[in-house]
>>> print(open('protein18.pdb').read())   # PDB, C-alpha atoms
ATOM      1  CA  MET A   1      12.007  -6.709 -62.920  1.00  0.00           C
ATOM      2  CA  ASN A   2       8.949  -4.449 -63.006  1.00  0.00           C
ATOM      3  CA  THR A   3       8.906  -2.449 -66.260  1.00  0.00           C
ATOM      4  CA  LYS A   4       7.005   0.404 -64.579  1.00  0.00           C
ATOM      5  CA  GLN A   5       9.805   1.082 -62.120  1.00  0.00           C
ATOM      6  CA  LEU A   6      11.818   4.264 -62.421  1.00  0.00           C
ATOM      7  CA  PRO A   7      15.370   3.858 -63.807  1.00  0.00           C
ATOM      8  CA  GLU A   8      16.961   4.197 -60.373  1.00  0.00           C
ATOM      9  CA  GLU A   9      14.639   1.526 -58.927  1.00  0.00           C
ATOM     10  CA  LYS A  10      15.346  -0.763 -61.904  1.00  0.00           C
ATOM     11  CA  PHE A  11      19.086  -0.320 -61.346  1.00  0.00           C
ATOM     12  CA  LYS A  12      18.771  -1.229 -57.650  1.00  0.00           C
ATOM     13  CA  SER A  13      16.475  -4.192 -58.379  1.00  0.00           C
ATOM     14  CA  LEU A  14      18.758  -5.558 -61.063  1.00  0.00           C
ATOM     15  CA  PHE A  15      21.794  -5.577 -58.819  1.00  0.00           C
ATOM     16  CA  LYS A  16      19.836  -6.776 -55.805  1.00  0.00           C
ATOM     17  CA  SER A  17      18.822  -9.834 -57.830  1.00  0.00           C
ATOM     18  CA  GLN A  18      22.403 -10.365 -59.038  1.00  0.00           C
ATOM     19  CA  PHE A  19      23.895 -10.183 -55.531  1.00  0.00           C
ATOM     20  CA  SER A  20      21.115 -12.372 -54.141  1.00  0.00           C
ATOM     21  CA  TYR A  21      21.705 -15.010 -56.817  1.00  0.00           C
ATOM     22  CA  PHE A  22      25.431 -15.189 -56.179  1.00  0.00           C
ATOM     23  CA  LYS A  23      24.923 -15.201 -52.398  1.00  0.00           C
ATOM     24  CA  GLN A  24      22.715 -18.265 -52.828  1.00  0.00           C
ATOM     25  CA  ASN A  25      25.074 -19.824 -55.408  1.00  0.00           C
ATOM     26  CA  PRO A  26      28.641 -18.825 -54.475  1.00  0.00           C
ATOM     27  CA  CYS A  27      30.094 -21.713 -56.486  1.00  0.00           C
ATOM     28  CA  PHE A  28      29.342 -19.758 -59.670  1.00  0.00           C
ATOM     29  CA  ILE A  29      31.753 -17.003 -58.620  1.00  0.00           C
ATOM     30  CA  ASN A  30      34.656 -19.317 -59.357  1.00  0.00           C
ATOM     31  CA  ILE A  31      33.401 -19.757 -62.902  1.00  0.00           C
ATOM     32  CA  VAL A  32      32.681 -16.085 -63.532  1.00  0.00           C
ATOM     33  CA  LEU A  33      36.037 -14.928 -62.160  1.00  0.00           C
ATOM     34  CA  SER A  34      38.194 -17.698 -63.606  1.00  0.00           C
ATOM     35  CA  ASP A  35      40.094 -16.291 -66.544  1.00  0.00           C
ATOM     36  CA  GLY A  36      41.927 -19.606 -66.889  1.00  0.00           C
ATOM     37  CA  LEU A  37      38.744 -21.347 -67.991  1.00  0.00           C
ATOM     38  CA  ILE A  38      38.418 -18.911 -70.866  1.00  0.00           C
ATOM     39  CA  ASP A  39      41.914 -19.708 -72.115  1.00  0.00           C
ATOM     40  CA  ASN A  40      41.434 -23.467 -72.050  1.00  0.00           C
ATOM     41  CA  SER A  41      38.020 -23.947 -73.603  1.00  0.00           C
ATOM     42  CA  ASP A  42      36.405 -22.309 -76.616  1.00  0.00           C
ATOM     43  CA  GLU A  43      33.028 -23.578 -75.425  1.00  0.00           C
ATOM     44  CA  VAL A  44      33.414 -21.887 -72.040  1.00  0.00           C
ATOM     45  CA  LYS A  45      34.822 -18.767 -73.693  1.00  0.00           C
ATOM     46  CA  ASN A  46      31.804 -18.550 -76.006  1.00  0.00           C
ATOM     47  CA  ALA A  47      29.349 -19.100 -73.146  1.00  0.00           C
ATOM     48  CA  ILE A  48      30.983 -16.355 -71.065  1.00  0.00           C
ATOM     49  CA  GLN A  49      31.062 -14.002 -74.053  1.00  0.00           C
ATOM     50  CA  GLN A  50      27.342 -14.638 -74.586  1.00  0.00           C
ATOM     51  CA  LEU A  51      26.622 -13.955 -70.903  1.00  0.00           C
ATOM     52  CA  LEU A  52      28.650 -10.740 -70.995  1.00  0.00           C
ATOM     53  CA  GLN A  53      26.890  -9.593 -74.162  1.00  0.00           C
ATOM     54  CA  THR A  54      23.468 -10.338 -72.679  1.00  0.00           C
ATOM     55  CA  ASN A  55      24.326  -8.430 -69.495  1.00  0.00           C
ATOM     56  CA  PHE A  56      25.819  -5.566 -71.512  1.00  0.00           C
ATOM     57  CA  ILE A  57      22.621  -5.187 -73.538  1.00  0.00           C
ATOM     58  CA  ARG A  58      20.451  -5.364 -70.410  1.00  0.00           C
ATOM     59  CA  PHE A  59      22.535  -2.841 -68.435  1.00  0.00           C
ATOM     60  CA  ASN A  60      22.950  -0.526 -71.417  1.00  0.00           C
ATOM     61  CA  SER A  61      19.205  -0.440 -72.004  1.00  0.00           C
ATOM     62  CA  LEU A  62      18.617   0.410 -68.359  1.00  0.00           C
ATOM     63  CA  ILE A  63      21.250   3.165 -68.246  1.00  0.00           C
ATOM     64  CA  LYS A  64      20.307   4.594 -71.632  1.00  0.00           C
ATOM     65  CA  GLY A  65      16.657   4.706 -70.541  1.00  0.00           C
ATOM     66  CA  GLY A  66      17.703   6.594 -67.416  1.00  0.00           C
ATOM     67  CA  GLN A  67      19.684   9.037 -69.518  1.00  0.00           C
ATOM     68  CA  GLU A  68      16.823   9.591 -71.941  1.00  0.00           C
ATOM     69  CA  THR A  69      14.441  10.378 -69.078  1.00  0.00           C
ATOM     70  CA  GLY A  70      16.903  12.757 -67.432  1.00  0.00           C
ATOM     71  CA  VAL A  71      17.550  10.586 -64.370  1.00  0.00           C
ATOM     72  CA  PHE A  72      21.149   9.642 -65.225  1.00  0.00           C
ATOM     73  CA  ARG A  73      23.935  11.904 -66.440  1.00  0.00           C
ATOM     74  CA  THR A  74      24.627  12.003 -70.161  1.00  0.00           C
ATOM     75  CA  VAL A  75      28.166  13.356 -69.937  1.00  0.00           C
ATOM     76  CA  ILE A  76      29.441   9.772 -70.259  1.00  0.00           C
ATOM     77  CA  ALA A  77      28.000   7.492 -72.940  1.00  0.00           C
ATOM     78  CA  SER A  78      25.795   4.682 -71.657  1.00  0.00           C
ATOM     79  CA  GLU A  79      28.188   2.103 -73.118  1.00  0.00           C
ATOM     80  CA  GLU A  80      31.057   3.506 -71.042  1.00  0.00           C
ATOM     81  CA  LEU A  81      28.913   3.611 -67.920  1.00  0.00           C
ATOM     82  CA  VAL A  82      28.078  -0.060 -68.463  1.00  0.00           C
ATOM     83  CA  HIS A  83      31.810  -0.884 -68.466  1.00  0.00           C
ATOM     84  CA  ILE A  84      32.237   1.033 -65.219  1.00  0.00           C
ATOM     85  CA  VAL A  85      29.225  -0.643 -63.609  1.00  0.00           C
ATOM     86  CA  MET A  86      30.139  -4.149 -64.774  1.00  0.00           C
ATOM     87  CA  GLY A  87      33.744  -3.675 -63.666  1.00  0.00           C
ATOM     88  CA  THR A  88      32.609  -2.450 -60.270  1.00  0.00           C
ATOM     89  CA  PHE A  89      30.301  -5.443 -59.912  1.00  0.00           C
ATOM     90  CA  ARG A  90      33.095  -7.839 -60.838  1.00  0.00           C
ATOM     91  CA  LEU A  91      35.470  -6.207 -58.333  1.00  0.00           C
ATOM     92  CA  GLN A  92      32.832  -6.510 -55.596  1.00  0.00           C
ATOM     93  CA  MET A  93      32.464 -10.202 -56.362  1.00  0.00           C
ATOM     94  CA  LEU A  94      36.238 -10.711 -56.359  1.00  0.00           C
ATOM     95  CA  LYS A  95      36.521  -9.001 -52.964  1.00  0.00           C
ATOM     96  CA  TRP A  96      33.799 -11.299 -51.627  1.00  0.00           C
ATOM     97  CA  LYS A  97      35.559 -14.395 -52.947  1.00  0.00           C
ATOM     98  CA  LEU A  98      38.945 -13.287 -51.568  1.00  0.00           C
ATOM     99  CA  ALA A  99      37.276 -12.749 -48.177  1.00  0.00           C
ATOM    100  CA  SER A 100      36.154 -16.407 -48.329  1.00  0.00           C
ATOM    101  CA  PHE A 101      32.536 -15.257 -48.646  1.00  0.00           C
ATOM    102  CA  GLU A 102      32.697 -13.975 -45.048  1.00  0.00           C
ATOM    103  CA  PHE A 103      30.740 -10.726 -45.521  1.00  0.00           C
ATOM    104  CA  ASP A 104      27.165 -10.227 -46.700  1.00  0.00           C
ATOM    105  CA  VAL A 105      27.597  -9.580 -50.414  1.00  0.00           C
ATOM    106  CA  GLU A 106      24.022  -8.328 -50.732  1.00  0.00           C
ATOM    107  CA  VAL A 107      24.557  -5.594 -48.141  1.00  0.00           C
ATOM    108  CA  GLN A 108      28.023  -4.583 -49.348  1.00  0.00           C
ATOM    109  CA  GLY A 109      27.032  -4.910 -52.997  1.00  0.00           C
ATOM    110  CA  GLN A 110      24.044  -2.621 -52.574  1.00  0.00           C
ATOM    111  CA  LYS A 111      26.233  -0.050 -50.828  1.00  0.00           C
ATOM    112  CA  THR A 112      28.610  -0.150 -53.777  1.00  0.00           C
ATOM    113  CA  MET A 113      25.820   0.143 -56.330  1.00  0.00           C
ATOM    114  CA  ASN A 114      24.258   3.015 -54.371  1.00  0.00           C
ATOM    115  CA  SER A 115      27.616   4.777 -54.674  1.00  0.00           C
ATOM    116  CA  ILE A 116      27.575   4.214 -58.440  1.00  0.00           C
ATOM    117  CA  LEU A 117      24.031   5.622 -58.543  1.00  0.00           C
ATOM    118  CA  ALA A 118      25.185   8.709 -56.634  1.00  0.00           C
ATOM    119  CA  LEU A 119      27.818   9.272 -59.319  1.00  0.00           C
ATOM    120  CA  ILE A 120      25.558   8.812 -62.345  1.00  0.00           C
ATOM    121  CA  LYS A 121      22.335  10.458 -61.141  1.00  0.00           C
ATOM    122  CA  VAL A 122      21.581  13.995 -62.230  1.00  0.00           C
TER     123      VAL A 122
END
>>> encode(input="protein18.pdb", output="structure tokens")
Amino acid sequence: MNTKQLPEEKFKSLFKSQFSYFKQNPCFINIVLSDGLIDNSDEVKNAIQQLLQTNFIRFNSLIKGGQETGVFRTVIASEELVHIVMGTFRLQMLKWKLASFEFDVEVQGQKTMNSILALIKV
């Protein structure tokens, strides 16, 4: 991701790369969405917690930067916006999996993330 991009462009680029990755590697969706794996393995649970924490830090930095520069609304704390964004992303991926990967997750995912941007932009 280009560090000179504006917050809105960073947001779009980040999710474009996420949707592109999963489109190319749909087998990983089963791992990310499988709550059963978390219950049965401390190793898997710890790996998923680490991934979530890494993504949380990355997304929070992006959103907080957008808030500090006046691009994103500050009425909701960046940490809460991250929960909303990450939950929305997860729901999009679940919908894709339930549709047997039949729709273009990059196109639909970007539409969803553009909607989130419309809500959080000043």
>>> residues_around(input="protein18.pdb", residues="segment 88-90 of chain A", least_positions_apart="3", cutoff="9 Å", atoms="all atoms listed in the file", output="list in words")
Phe15, Val32, Leu33, His83, Ile84, Val85, Met93, Leu94, Lys95, Gly109, Thr112, Met113 and Ile116 of chain A
>>> residues_around(input="protein18.pdb", residues="Val122 of chain A", least_positions_apart="3", cutoff="8 Å", atoms="all atoms listed in the file", output="PyMOL selection string")
chain A and resi 70-73
>>> closest_residue(input="protein18.pdb", among="A:Ser61, A:Gln5, A:Lys111, A:Lys97", to="Ile31 of chain A", atoms="only C-alpha atoms")
A:Lys97
>>> atom_distance(input="protein18.pdb", atom1="atom CA of Gln108 of chain A", atom2="atom CA of Gln92 of chain A")
8.1 Å
>>> closest_residue(input="protein18.pdb", among="A:Phe11, A:Ile38, A:Ala77, A:Asn25", to="Phe59 of chain A", atoms="only C-alpha atoms")
A:Phe11
>>> atom_distance(input="protein18.pdb", atom1="atom CA of Val82 of chain A", atom2="atom CA of Lys23 of chain A")
22.3 Å
>>> atom_distance(input="protein18.pdb", atom1="atom CA of Asn114 of chain A", atom2="atom CA of Ile57 of chain A")
20.9 Å
>>> resolve_selection(input="protein18.pdb", expression="the PyMOL selection byres ((chain A and resi 63) around 9)", output="PyMOL selection string")
chain A and resi 7+11+58-62+64-68+72+78-79+81-82
>>> write_last_selection(input="protein18.pdb", atoms="C-alpha atoms", output="PDB file, keeping the file's coordinate frame")
ATOM      1  CA  PRO A   7      15.370   3.858 -63.807  1.00  0.00           C
ATOM      2  CA  PHE A  11      19.086  -0.320 -61.346  1.00  0.00           C
ATOM      3  CA  ARG A  58      20.451  -5.364 -70.410  1.00  0.00           C
ATOM      4  CA  PHE A  59      22.535  -2.841 -68.435  1.00  0.00           C
ATOM      5  CA  ASN A  60      22.950  -0.526 -71.417  1.00  0.00           C
ATOM      6  CA  SER A  61      19.205  -0.440 -72.004  1.00  0.00           C
ATOM      7  CA  LEU A  62      18.617   0.410 -68.359  1.00  0.00           C
ATOM      8  CA  LYS A  64      20.307   4.594 -71.632  1.00  0.00           C
ATOM      9  CA  GLY A  65      16.657   4.706 -70.541  1.00  0.00           C
ATOM     10  CA  GLY A  66      17.703   6.594 -67.416  1.00  0.00           C
ATOM     11  CA  GLN A  67      19.684   9.037 -69.518  1.00  0.00           C
ATOM     12  CA  GLU A  68      16.823   9.591 -71.941  1.00  0.00           C
ATOM     13  CA  PHE A  72      21.149   9.642 -65.225  1.00  0.00           C
ATOM     14  CA  SER A  78      25.795   4.682 -71.657  1.00  0.00           C
ATOM     15  CA  GLU A  79      28.188   2.103 -73.118  1.00  0.00           C
ATOM     16  CA  LEU A  81      28.913   3.611 -67.920  1.00  0.00           C
ATOM     17  CA  VAL A  82      28.078  -0.060 -68.463  1.00  0.00           C
TER      18      VAL A  82
END
>>> closest_residue(input="protein18.pdb", among="A:Val105, A:Leu6, A:Ala99, A:Leu91", to="Tyr21 of chain A", atoms="all atoms listed in the file")
A:Val105
>>> closest_residue(input="protein18.pdb", among="A:Lys121, A:Ile48, A:Glu43, A:Phe28", to="Thr69 of chain A", atoms="only C-alpha atoms")
A:Lys121
>>> closest_residue(input="protein18.pdb", among="A:Asp39, A:Lys10, A:Phe56, A:Phe101", to="Cys27 of chain A", atoms="all atoms listed in the file")
A:Phe101
>>> axis_aligned_box(input="protein18.pdb", around="segment 13-24 of chain A", padding_each_side="5 Å", output="lines of an AutoDock Vina configuration file")
center_x = 21.0
center_y = -11.2
center_z = -56.7
size_x = 19.0
size_y = 24.1
size_z = 18.7
>>> decode(input="protein18.pdb", residues="segment 85-117 of chain A", atoms="N, CA, C and O atoms", output="PDB file, in the first residue's frame")
ATOM      1  N   VAL A  85     -16.272  -2.216  10.353  1.00  0.00           N
ATOM      2  CA  VAL A  85     -15.658  -2.538   9.062  1.00  0.00           C
ATOM      3  C   VAL A  85     -15.284  -4.023   8.996  1.00  0.00           C
ATOM      4  O   VAL A  85     -15.580  -4.706   8.007  1.00  0.00           O
ATOM      5  N   MET A  86     -14.646  -4.532  10.037  1.00  0.00           N
ATOM      6  CA  MET A  86     -14.241  -5.932  10.038  1.00  0.00           C
ATOM      7  C   MET A  86     -15.459  -6.859  10.026  1.00  0.00           C
ATOM      8  O   MET A  86     -15.451  -7.892   9.338  1.00  0.00           O
ATOM      9  N   GLY A  87     -16.502  -6.492  10.732  1.00  0.00           N
ATOM     10  CA  GLY A  87     -17.725  -7.291  10.720  1.00  0.00           C
ATOM     11  C   GLY A  87     -18.385  -7.286   9.358  1.00  0.00           C
ATOM     12  O   GLY A  87     -18.873  -8.317   8.877  1.00  0.00           O
ATOM     13  N   THR A  88     -18.378  -6.146   8.708  1.00  0.00           N
ATOM     14  CA  THR A  88     -18.946  -6.029   7.368  1.00  0.00           C
ATOM     15  C   THR A  88     -18.146  -6.872   6.377  1.00  0.00           C
ATOM     16  O   THR A  88     -18.719  -7.572   5.531  1.00  0.00           O
ATOM     17  N   PHE A  89     -16.836  -6.827   6.499  1.00  0.00           N
ATOM     18  CA  PHE A  89     -15.977  -7.636   5.631  1.00  0.00           C
ATOM     19  C   PHE A  89     -16.271  -9.121   5.833  1.00  0.00           C
ATOM     20  O   PHE A  89     -16.447  -9.870   4.870  1.00  0.00           O
ATOM     21  N   ARG A  90     -16.349  -9.534   7.069  1.00  0.00           N
ATOM     22  CA  ARG A  90     -16.616 -10.945   7.376  1.00  0.00           C
ATOM     23  C   ARG A  90     -17.975 -11.373   6.823  1.00  0.00           C
ATOM     24  O   ARG A  90     -18.107 -12.462   6.261  1.00  0.00           O
ATOM     25  N   LEU A  91     -18.992 -10.536   6.959  1.00  0.00           N
ATOM     26  CA  LEU A  91     -20.313 -10.855   6.427  1.00  0.00           C
ATOM     27  C   LEU A  91     -20.264 -10.986   4.907  1.00  0.00           C
ATOM     28  O   LEU A  91     -20.878 -11.888   4.327  1.00  0.00           O
ATOM     29  N   GLN A  92     -19.528 -10.098   4.249  1.00  0.00           N
ATOM     30  CA  GLN A  92     -19.389 -10.179   2.790  1.00  0.00           C
ATOM     31  C   GLN A  92     -18.766 -11.512   2.396  1.00  0.00           C
ATOM     32  O   GLN A  92     -19.201 -12.164   1.438  1.00  0.00           O
ATOM     33  N   MET A  93     -17.747 -11.930   3.125  1.00  0.00           N
ATOM     34  CA  MET A  93     -17.084 -13.185   2.819  1.00  0.00           C
ATOM     35  C   MET A  93     -18.004 -14.377   3.091  1.00  0.00           C
ATOM     36  O   MET A  93     -18.012 -15.346   2.330  1.00  0.00           O
ATOM     37  N   LEU A  94     -18.795 -14.311   4.126  1.00  0.00           N
ATOM     38  CA  LEU A  94     -19.751 -15.378   4.426  1.00  0.00           C
ATOM     39  C   LEU A  94     -20.801 -15.480   3.319  1.00  0.00           C
ATOM     40  O   LEU A  94     -21.134 -16.581   2.863  1.00  0.00           O
ATOM     41  N   LYS A  95     -21.303 -14.341   2.864  1.00  0.00           N
ATOM     42  CA  LYS A  95     -22.281 -14.342   1.769  1.00  0.00           C
ATOM     43  C   LYS A  95     -21.684 -14.981   0.515  1.00  0.00           C
ATOM     44  O   LYS A  95     -22.356 -15.742  -0.188  1.00  0.00           O
ATOM     45  N   TRP A  96     -20.438 -14.678   0.227  1.00  0.00           N
ATOM     46  CA  TRP A  96     -19.753 -15.245  -0.929  1.00  0.00           C
ATOM     47  C   TRP A  96     -19.631 -16.760  -0.803  1.00  0.00           C
ATOM     48  O   TRP A  96     -19.910 -17.503  -1.738  1.00  0.00           O
ATOM     49  N   LYS A  97     -19.234 -17.208   0.381  1.00  0.00           N
ATOM     50  CA  LYS A  97     -19.102 -18.653   0.614  1.00  0.00           C
ATOM     51  C   LYS A  97     -20.458 -19.342   0.493  1.00  0.00           C
ATOM     52  O   LYS A  97     -20.574 -20.397  -0.146  1.00  0.00           O
ATOM     53  N   LEU A  98     -21.489 -18.772   1.099  1.00  0.00           N
ATOM     54  CA  LEU A  98     -22.828 -19.379   1.043  1.00  0.00           C
ATOM     55  C   LEU A  98     -23.382 -19.406  -0.379  1.00  0.00           C
ATOM     56  O   LEU A  98     -24.209 -20.257  -0.711  1.00  0.00           O
ATOM     57  N   ALA A  99     -22.921 -18.497  -1.224  1.00  0.00           N
ATOM     58  CA  ALA A  99     -23.325 -18.475  -2.633  1.00  0.00           C
ATOM     59  C   ALA A  99     -22.427 -19.381  -3.479  1.00  0.00           C
ATOM     60  O   ALA A  99     -22.425 -19.299  -4.703  1.00  0.00           O
ATOM     61  N   SER A 100     -21.657 -20.228  -2.805  1.00  0.00           N
ATOM     62  CA  SER A 100     -20.735 -21.165  -3.478  1.00  0.00           C
ATOM     63  C   SER A 100     -19.746 -20.433  -4.387  1.00  0.00           C
ATOM     64  O   SER A 100     -19.385 -20.921  -5.465  1.00  0.00           O
ATOM     65  N   PHE A 101     -19.336 -19.243  -3.945  1.00  0.00           N
ATOM     66  CA  PHE A 101     -18.336 -18.449  -4.653  1.00  0.00           C
ATOM     67  C   PHE A 101     -18.786 -18.081  -6.075  1.00  0.00           C
ATOM     68  O   PHE A 101     -17.970 -17.888  -6.963  1.00  0.00           O
ATOM     69  N   GLU A 102     -20.088 -17.969  -6.267  1.00  0.00           N
ATOM     70  CA  GLU A 102     -20.671 -17.754  -7.601  1.00  0.00           C
ATOM     71  C   GLU A 102     -20.606 -16.303  -8.070  1.00  0.00           C
ATOM     72  O   GLU A 102     -20.705 -16.061  -9.259  1.00  0.00           O
ATOM     73  N   PHE A 103     -20.509 -15.325  -7.174  1.00  0.00           N
ATOM     74  CA  PHE A 103     -20.428 -13.940  -7.623  1.00  0.00           C
ATOM     75  C   PHE A 103     -19.003 -13.428  -7.486  1.00  0.00           C
ATOM     76  O   PHE A 103     -18.168 -14.036  -6.816  1.00  0.00           O
ATOM     77  N   ASP A 104     -18.719 -12.323  -8.130  1.00  0.00           N
ATOM     78  CA  ASP A 104     -17.378 -11.731  -8.101  1.00  0.00           C
ATOM     79  C   ASP A 104     -17.207 -10.970  -6.785  1.00  0.00           C
ATOM     80  O   ASP A 104     -17.746  -9.874  -6.614  1.00  0.00           O
ATOM     81  N   VAL A 105     -16.482 -11.575  -5.869  1.00  0.00           N
ATOM     82  CA  VAL A 105     -16.322 -10.987  -4.533  1.00  0.00           C
ATOM     83  C   VAL A 105     -15.565  -9.665  -4.580  1.00  0.00           C
ATOM     84  O   VAL A 105     -15.786  -8.797  -3.731  1.00  0.00           O
ATOM     85  N   GLU A 106     -14.714  -9.478  -5.567  1.00  0.00           N
ATOM     86  CA  GLU A 106     -14.003  -8.200  -5.674  1.00  0.00           C
ATOM     87  C   GLU A 106     -14.979  -7.076  -6.010  1.00  0.00           C
ATOM     88  O   GLU A 106     -14.935  -6.009  -5.396  1.00  0.00           O
ATOM     89  N   VAL A 107     -15.857  -7.321  -6.962  1.00  0.00           N
ATOM     90  CA  VAL A 107     -16.827  -6.298  -7.372  1.00  0.00           C
ATOM     91  C   VAL A 107     -17.817  -6.027  -6.241  1.00  0.00           C
ATOM     92  O   VAL A 107     -18.030  -4.874  -5.849  1.00  0.00           O
ATOM     93  N   GLN A 108     -18.415  -7.067  -5.697  1.00  0.00           N
ATOM     94  CA  GLN A 108     -19.400  -6.887  -4.628  1.00  0.00           C
ATOM     95  C   GLN A 108     -18.754  -6.337  -3.355  1.00  0.00           C
ATOM     96  O   GLN A 108     -19.330  -5.497  -2.670  1.00  0.00           O
ATOM     97  N   GLY A 109     -17.550  -6.821  -3.063  1.00  0.00           N
ATOM     98  CA  GLY A 109     -16.839  -6.350  -1.879  1.00  0.00           C
ATOM     99  C   GLY A 109     -16.514  -4.870  -1.953  1.00  0.00           C
ATOM    100  O   GLY A 109     -16.681  -4.129  -0.980  1.00  0.00           O
ATOM    101  N   GLN A 110     -16.075  -4.420  -3.121  1.00  0.00           N
ATOM    102  CA  GLN A 110     -15.776  -2.996  -3.279  1.00  0.00           C
ATOM    103  C   GLN A 110     -17.042  -2.154  -3.165  1.00  0.00           C
ATOM    104  O   GLN A 110     -17.007  -1.061  -2.591  1.00  0.00           O
ATOM    105  N   LYS A 111     -18.146  -2.643  -3.678  1.00  0.00           N
ATOM    106  CA  LYS A 111     -19.414  -1.918  -3.515  1.00  0.00           C
ATOM    107  C   LYS A 111     -19.743  -1.768  -2.030  1.00  0.00           C
ATOM    108  O   LYS A 111     -20.135  -0.686  -1.573  1.00  0.00           O
ATOM    109  N   THR A 112     -19.576  -2.842  -1.295  1.00  0.00           N
ATOM    110  CA  THR A 112     -19.859  -2.807   0.141  1.00  0.00           C
ATOM    111  C   THR A 112     -18.927  -1.838   0.858  1.00  0.00           C
ATOM    112  O   THR A 112     -19.367  -1.032   1.684  1.00  0.00           O
ATOM    113  N   MET A 113     -17.649  -1.882   0.537  1.00  0.00           N
ATOM    114  CA  MET A 113     -16.695  -1.003   1.202  1.00  0.00           C
ATOM    115  C   MET A 113     -16.894   0.450   0.790  1.00  0.00           C
ATOM    116  O   MET A 113     -16.693   1.360   1.595  1.00  0.00           O
ATOM    117  N   ASN A 114     -17.349   0.686  -0.441  1.00  0.00           N
ATOM    118  CA  ASN A 114     -17.685   2.052  -0.849  1.00  0.00           C
ATOM    119  C   ASN A 114     -18.876   2.570  -0.044  1.00  0.00           C
ATOM    120  O   ASN A 114     -18.938   3.766   0.282  1.00  0.00           O
ATOM    121  N   SER A 115     -19.801   1.697   0.294  1.00  0.00           N
ATOM    122  CA  SER A 115     -20.926   2.084   1.145  1.00  0.00           C
ATOM    123  C   SER A 115     -20.442   2.458   2.544  1.00  0.00           C
ATOM    124  O   SER A 115     -20.900   3.451   3.126  1.00  0.00           O
ATOM    125  N   ILE A 116     -19.522   1.672   3.068  1.00  0.00           N
ATOM    126  CA  ILE A 116     -18.935   1.985   4.389  1.00  0.00           C
ATOM    127  C   ILE A 116     -18.239   3.349   4.304  1.00  0.00           C
ATOM    128  O   ILE A 116     -18.390   4.182   5.205  1.00  0.00           O
ATOM    129  N   LEU A 117     -17.485   3.571   3.257  1.00  0.00           N
ATOM    130  CA  LEU A 117     -16.807   4.873   3.091  1.00  0.00           C
ATOM    131  C   LEU A 117     -17.825   6.019   3.076  1.00  0.00           C
ATOM    132  O   LEU A 117     -17.583   7.066   3.675  1.00  0.00           O
TER     133      LEU A 117
END
